[in-house]
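Participant: Let me give you the structure first, and then I'll get to my questions.
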Amino acid sequence: MTATRSPQRPRAAFIGLGAIGAPIAHHVAQNTTLAVWNRTRSVAAEFAAETGARDAESPGSAAAGVDFLLTCLPTSAQVEEVLFGVNGAAPSLESGAMVIDCTSGDPATSRKIAARLARSGVAFIDAPVSGGVSGAVAGKLTVMVGGDAGALERARPILERFAGKIVHCGAVGTGDAVKAVNNALLAVHVWSTAEGLSALSKLGVDPAVALDVINSSSGRSNTSINLFPERVLNRSFPRTFRLALLDKDVGIAAGIARETGTPAPLLDETSRLFAEARRELGEEADHIEAVKVVERRAGTTIGGRIQ
C-alpha cells in the first residue's frame, strides 16, 4: 500500500556526505525532514548535530518511510551497494518513493538500478551535478537529469534547493552520460593546456603571458581562465576534486563511445593518460595535479618549481 505523502515537508534521506554531498544535504535539510547516513559515521553525527537531521544507523534505517532518497557517492557500484547490499536502503523504500542519484555514475548501472527499483514501485533518476564545491555551497549547481519527465517534475522542488540550472537530458542514464562527457572534456583541457604551456615555457615564454593571450583568444576554456591562473601558476593545487574520480569519469565517457560505436581516439588516449597519472600520483591527488605529470615528462614547470 502506498503511504500518504506530505507535499509541505517531504521526508527525505541523504546518503554520502562528501565534499559535494554535504553541502547539497545542507540545502535539502532546509525544507525536508531529513535522515542521513555516511560510511564514516562521525561525519553523519556531526552533520546531524549541525542541522537537526536524524543520524541513521544504516542505509536501510535512513530510507525507512521517506519520500525521496538522495545518494551522492563516488561510483555507481557504491550506489548499488547501499541500495541492495547488507542493511541496504531499497527494502525500506515504499512504493511511490523516489531515488535521486547525484553520483557521477555510469549509465548502464543506473539503468540496472532503475529497473530493479521499478519492480517495487520506486522511481529513479540519475541527477549528477557540476559546479564543484563552491557551486554546491552556493546552491547553484547544474543538475543533469536522466529519467522520466514526470519523475523529474516530482523531484524538482528538491533539486531546486541546490541547483542553479536543471536540464532534462533524456531517459535514465543520460544524465550520467552527459556528465561523463563533460568531465572528459575537462580532462582534455587540463592535459592539453599543460602540454602547450610546458612547450611554451621551454621556449622561454612566461606562462602567465601565454595565458593572457590564450584567454582573450579562441583557445580559452574554464581550465585556462580559472584553473591554471588560480591553482597552477601559484603552485597551490588545492584538493577540490580527486584525480581518481576524473579518471573514472573519462573512462565512462570512453566506454560510452565504444558502446555506441563512435570512434573516439582522443577520449581513449585521454583515458589512458589520466589512468597513468592516477597510478603515479595516488588516490588522494587533485585532478589539476595531473599537470605535474606533464611537467615531469617535459622536464619543465609552469609557474614555480616542479613539485
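Simple scheme: letters A, B, ... for chains in C-alpha cells order, numbers from 1 for residues in each chain, numbers from 1 for ligands in the order shown.
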Write out, as a tab-separated table, each residue of region 117-221 of chain A that has an atom at most 12 Å from region 267-272 of chain A, together with the closest pair of atoms and their distance in Å to one decimal, counting only C-alpha atoms, rows going by chain and rising number.

Facilitator:
```
residue	atom	partner	partner_atom	distance
A:Ala180	CA	A:Leu267	CA	10.9
A:Val181	CA	A:Leu267	CA	9.1
A:Asn182	CA	A:Leu267	CA	11.5
A:Asn183	CA	A:Leu267	CA	10.8
A:Ala184	CA	A:Leu267	CA	7.1
A:Leu185	CA	A:Leu267	CA	8.5
A:Leu186	CA	A:Thr270	CA	10.4
A:Ala187	CA	A:Thr270	CA	7.1
A:Val188	CA	A:Thr270	CA	6.4
A:His189	CA	A:Thr270	CA	10.0
A:Val190	CA	A:Thr270	CA	10.2
A:Trp191	CA	A:Thr270	CA	8.0
A:Ser192	CA	A:Thr270	CA	9.6
```

Participant: I'd like the neighbourhood of Ile24 (chain A) as a PyMOL selection string, where a residue qualifies if any of its atoms comes within 8 Å (using only C-alpha atoms), though same-chain residues fewer than 5 positions away should be ignored.

Facilitator: chain A and resi 136-137+139+162

Participant: Could you write those residues out with C-alpha atoms, as a PDB file, in the first residue's frame?

Facilitator:
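Below you can see selection_20.pdb, which holds the result:
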```
ATOM      1  CA  ALA A 136      27.278  23.120  -4.038  1.00  0.00           C
ATOM      2  CA  VAL A 137      27.762  25.525  -1.120  1.00  0.00           C
ATOM      3  CA  GLY A 139      23.191  26.084  -4.171  1.00  0.00           C
ATOM      4  CA  PHE A 162      20.749  23.119  -4.566  1.00  0.00           C
TER       5      PHE A 162
END
```

Participant: What are the DSSP strand (DSSP E) residues of region 29-262 of chain A, as number ranges by chain?

Facilitator: A: 33-37, 54-55, 68-71, 98-101, 123-126, 129-130, 141-146, 163-170

Participant: Keeping only C-alpha atoms, take the residues you just selected and write them out as a PDB file, in the first residue's frame.

Facilitator:
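Saved the output as out18.pdb:
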```
ATOM      1  CA  THR A  33      12.511  16.063   7.454  1.00  0.00           C
ATOM      2  CA  LEU A  34      15.931  14.567   6.798  1.00  0.00           C
ATOM      3  CA  ALA A  35      17.780  11.413   7.820  1.00  0.00           C
ATOM      4  CA  VAL A  36      21.446  10.952   6.871  1.00  0.00           C
ATOM      5  CA  TRP A  37      23.888   8.090   6.610  1.00  0.00           C
ATOM      6  CA  ARG A  54      18.488  12.146  12.105  1.00  0.00           C
ATOM      7  CA  ASP A  55      21.761  10.202  12.145  1.00  0.00           C
ATOM      8  CA  PHE A  68      12.959  10.882  -1.507  1.00  0.00           C
ATOM      9  CA  LEU A  69      16.298   9.161  -1.064  1.00  0.00           C
ATOM     10  CA  LEU A  70      19.286  11.121  -2.370  1.00  0.00           C
ATOM     11  CA  THR A  71      22.645   9.482  -2.955  1.00  0.00           C
ATOM     12  CA  MET A  98      11.958   8.089  -5.425  1.00  0.00           C
ATOM     13  CA  VAL A  99      15.733   7.717  -5.539  1.00  0.00           C
ATOM     14  CA  ILE A 100      17.630  10.796  -6.752  1.00  0.00           C
ATOM     15  CA  ASP A 101      21.203   9.780  -7.519  1.00  0.00           C
ATOM     16  CA  ALA A 123      11.164   5.712  -9.167  1.00  0.00           C
ATOM     17  CA  PHE A 124      14.768   6.570 -10.034  1.00  0.00           C
ATOM     18  CA  ILE A 125      16.505   9.486 -11.725  1.00  0.00           C
ATOM     19  CA  ASP A 126      20.206   9.961 -12.269  1.00  0.00           C
ATOM     20  CA  VAL A 129      25.897  17.674 -10.734  1.00  0.00           C
ATOM     21  CA  SER A 130      28.508  20.121 -11.986  1.00  0.00           C
ATOM     22  CA  LEU A 141      24.896  23.503  -9.247  1.00  0.00           C
ATOM     23  CA  THR A 142      23.985  22.410 -12.742  1.00  0.00           C
ATOM     24  CA  VAL A 143      21.980  19.174 -12.494  1.00  0.00           C
ATOM     25  CA  MET A 144      21.864  16.814 -15.476  1.00  0.00           C
ATOM     26  CA  VAL A 145      18.824  14.579 -15.154  1.00  0.00           C
ATOM     27  CA  GLY A 146      18.169  11.224 -16.767  1.00  0.00           C
ATOM     28  CA  ALA A 163      20.529  23.771  -8.334  1.00  0.00           C
ATOM     29  CA  GLY A 164      21.063  26.896 -10.355  1.00  0.00           C
ATOM     30  CA  LYS A 165      20.180  25.010 -13.541  1.00  0.00           C
ATOM     31  CA  ILE A 166      18.269  21.757 -14.093  1.00  0.00           C
ATOM     32  CA  VAL A 167      18.454  20.079 -17.509  1.00  0.00           C
ATOM     33  CA  HIS A 168      16.438  17.029 -18.550  1.00  0.00           C
ATOM     34  CA  CYS A 169      18.824  15.046 -20.748  1.00  0.00           C
ATOM     35  CA  GLY A 170      16.583  12.098 -21.621  1.00  0.00           C
TER      36      GLY A 170
END
```

Participant: Write out as an mmCIF file with N, CA and C atoms, in the first residue's frame each polymer residue whose atoms come within 12 Å of Ser201 (chain A), counting only C-alpha atoms; drop sequence neighbours fewer than 4 positions from it.

Facilitator:
```
data_model
loop_
_atom_site.group_PDB
_atom_site.id
_atom_site.type_symbol
_atom_site.label_atom_id
_atom_site.label_comp_id
_atom_site.auth_asym_id
_atom_site.auth_seq_id
_atom_site.Cartn_x
_atom_site.Cartn_y
_atom_site.Cartn_z
ATOM 1 N N THR A 193 46.249 21.849 -22.105
ATOM 2 C CA THR A 193 46.766 23.145 -21.661
ATOM 3 C C THR A 193 48.122 22.977 -21.005
ATOM 4 N N ALA A 194 48.269 21.915 -20.207
ATOM 5 C CA ALA A 194 49.559 21.651 -19.573
ATOM 6 C C ALA A 194 50.639 21.374 -20.616
ATOM 7 N N GLU A 195 50.300 20.587 -21.637
ATOM 8 C CA GLU A 195 51.290 20.301 -22.682
ATOM 9 C C GLU A 195 51.700 21.576 -23.421
ATOM 10 N N GLY A 196 50.692 22.386 -23.798
ATOM 11 C CA GLY A 196 51.005 23.605 -24.542
ATOM 12 C C GLY A 196 51.837 24.578 -23.743
ATOM 13 N N LEU A 197 51.476 24.788 -22.482
ATOM 14 C CA LEU A 197 52.227 25.736 -21.645
ATOM 15 C C LEU A 197 53.605 25.201 -21.296
ATOM 16 N N VAL A 205 58.745 31.396 -22.982
ATOM 17 C CA VAL A 205 57.555 32.234 -22.840
ATOM 18 C C VAL A 205 57.016 32.105 -21.416
ATOM 19 N N ASP A 206 56.800 33.232 -20.767
ATOM 20 C CA ASP A 206 56.205 33.241 -19.435
ATOM 21 C C ASP A 206 54.791 32.654 -19.536
ATOM 22 N N PRO A 207 54.472 31.614 -18.753
ATOM 23 C CA PRO A 207 53.134 31.014 -18.866
ATOM 24 C C PRO A 207 52.012 31.997 -18.550
ATOM 25 N N ALA A 208 52.273 32.978 -17.689
ATOM 26 C CA ALA A 208 51.243 33.983 -17.400
ATOM 27 C C ALA A 208 50.964 34.823 -18.638
ATOM 28 N N VAL A 209 52.015 35.127 -19.391
ATOM 29 C CA VAL A 209 51.845 35.882 -20.637
ATOM 30 C C VAL A 209 51.084 35.042 -21.653
ATOM 31 N N ALA A 210 51.451 33.775 -21.756
ATOM 32 C CA ALA A 210 50.772 32.893 -22.695
ATOM 33 C C ALA A 210 49.282 32.785 -22.363
ATOM 34 N N LEU A 211 48.966 32.640 -21.077
ATOM 35 C CA LEU A 211 47.561 32.543 -20.678
ATOM 36 C C LEU A 211 46.811 33.838 -20.935
ATOM 37 N N LEU A 233 49.782 28.273 -11.675
ATOM 38 C CA LEU A 233 50.836 29.278 -11.688
ATOM 39 C C LEU A 233 51.367 29.570 -10.288
ATOM 40 N N GLU A 295 54.444 18.047 -16.614
ATOM 41 C CA GLU A 295 55.677 18.810 -16.361
ATOM 42 C C GLU A 295 56.887 17.890 -16.197
ATOM 43 N N ALA A 298 57.975 16.549 -19.434
ATOM 44 C CA ALA A 298 58.564 17.592 -20.281
ATOM 45 C C ALA A 298 59.871 18.127 -19.712
ATOM 46 N N GLY A 299 60.122 17.881 -18.438
ATOM 47 C CA GLY A 299 61.330 18.415 -17.799
ATOM 48 C C GLY A 299 61.268 19.907 -17.590
ATOM 49 N N THR A 300 60.088 20.428 -17.339
ATOM 50 C CA THR A 300 59.927 21.873 -17.124
ATOM 51 C C THR A 300 58.857 22.072 -16.065
ATOM 52 N N THR A 301 58.501 23.352 -15.849
ATOM 53 C CA THR A 301 57.447 23.669 -14.904
ATOM 54 C C THR A 301 56.660 24.853 -15.410
ATOM 55 N N ILE A 302 55.409 24.923 -14.971
ATOM 56 C CA ILE A 302 54.525 26.038 -15.319
ATOM 57 C C ILE A 302 54.310 26.833 -14.055
ATOM 58 N N GLY A 303 55.000 27.936 -13.906
ATOM 59 C CA GLY A 303 54.899 28.710 -12.664
ATOM 60 C C GLY A 303 56.110 28.480 -11.791
ATOM 61 N N GLY A 304 55.916 28.018 -10.561
ATOM 62 C CA GLY A 304 57.019 27.837 -9.617
ATOM 63 C C GLY A 304 57.803 26.569 -9.886
#
```

Participant: Which is closest to Lys179 (chain A) among A:Arg220, A:Arg258, A:Lys248, A:Arg278, if we use only C-alpha atoms?

Facilitator: A:Lys248

Participant: Name the closest residue to Glu289 (chain A) among the candidates A:Leu200, A:Cys72, A:Ala253, A:Leu243; distances are taken between atoms, counting only C-alpha atoms.

Facilitator: A:Leu243

Participant: List every residue of region 56-288 of chain A that DSSP, applied to the backbone, labels as helix (DSSP H, G or I), and write the result as an MDAnalysis selection string.

Facilitator: chainID A and resid 59:63 76:84 90:92 107:118 132:138 149:159 174:202 207:214 222:232 243:259 265:281 287:288

Participant: Near Ile252 (chain A), within 8 Å and counting only C-alpha atoms, which residues show up once chain neighbours fewer than 3 positions away are dropped, as a list in words?

Facilitator: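 Answer for this query is Asp106, Ala177, Ala180, Lys248, Asp249, Gly255 and Ile256 of chain A.
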
Participant: Can you write just those residues out, N, CA and C atoms, as an mmCIF file, in the first residue's frame?

Facilitator:
```
data_model
loop_
_atom_site.group_PDB
_atom_site.id
_atom_site.type_symbol
_atom_site.label_atom_id
_atom_site.label_comp_id
_atom_site.auth_asym_id
_atom_site.auth_seq_id
_atom_site.Cartn_x
_atom_site.Cartn_y
_atom_site.Cartn_z
ATOM 1 N N ASP A 106 27.721 5.652 -13.946
ATOM 2 C CA ASP A 106 27.778 5.120 -15.300
ATOM 3 C C ASP A 106 26.372 4.724 -15.742
ATOM 4 N N ALA A 177 25.619 10.124 -18.628
ATOM 5 C CA ALA A 177 26.395 10.178 -19.868
ATOM 6 C C ALA A 177 26.869 11.597 -20.158
ATOM 7 N N ALA A 180 29.639 12.533 -17.756
ATOM 8 C CA ALA A 180 30.907 11.884 -18.072
ATOM 9 C C ALA A 180 31.604 12.574 -19.240
ATOM 10 N N LYS A 248 37.904 8.099 -13.421
ATOM 11 C CA LYS A 248 36.707 7.259 -13.547
ATOM 12 C C LYS A 248 35.747 7.830 -14.586
ATOM 13 N N ASP A 249 35.517 9.141 -14.552
ATOM 14 C CA ASP A 249 34.572 9.772 -15.466
ATOM 15 C C ASP A 249 35.039 9.708 -16.915
ATOM 16 N N GLY A 255 34.004 4.639 -22.564
ATOM 17 C CA GLY A 255 33.173 3.449 -22.670
ATOM 18 C C GLY A 255 31.876 3.708 -23.403
ATOM 19 N N ILE A 256 31.276 4.881 -23.176
ATOM 20 C CA ILE A 256 30.052 5.243 -23.902
ATOM 21 C C ILE A 256 30.329 5.307 -25.402
#
```

Participant: To one decimal in Å, tell me the separation between CA of Gln30 (chain A) and CA of Arg11 (chain A).

Facilitator: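 That distance, rounded to one decimal, is 11.6 Å.
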
Participant: As an exercise, work out the distance from CA of Ser76 (chain A) to CA of Phe274 (chain A) in Å and give it to one decimal place.

Facilitator: 19.7 Å

Participant: Quick one: pull the distance between CA of Leu281 (chain A) and CA of Arg296 (chain A), Å, one decimal.

Facilitator: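 These two atoms are separated by 11.8 Å.
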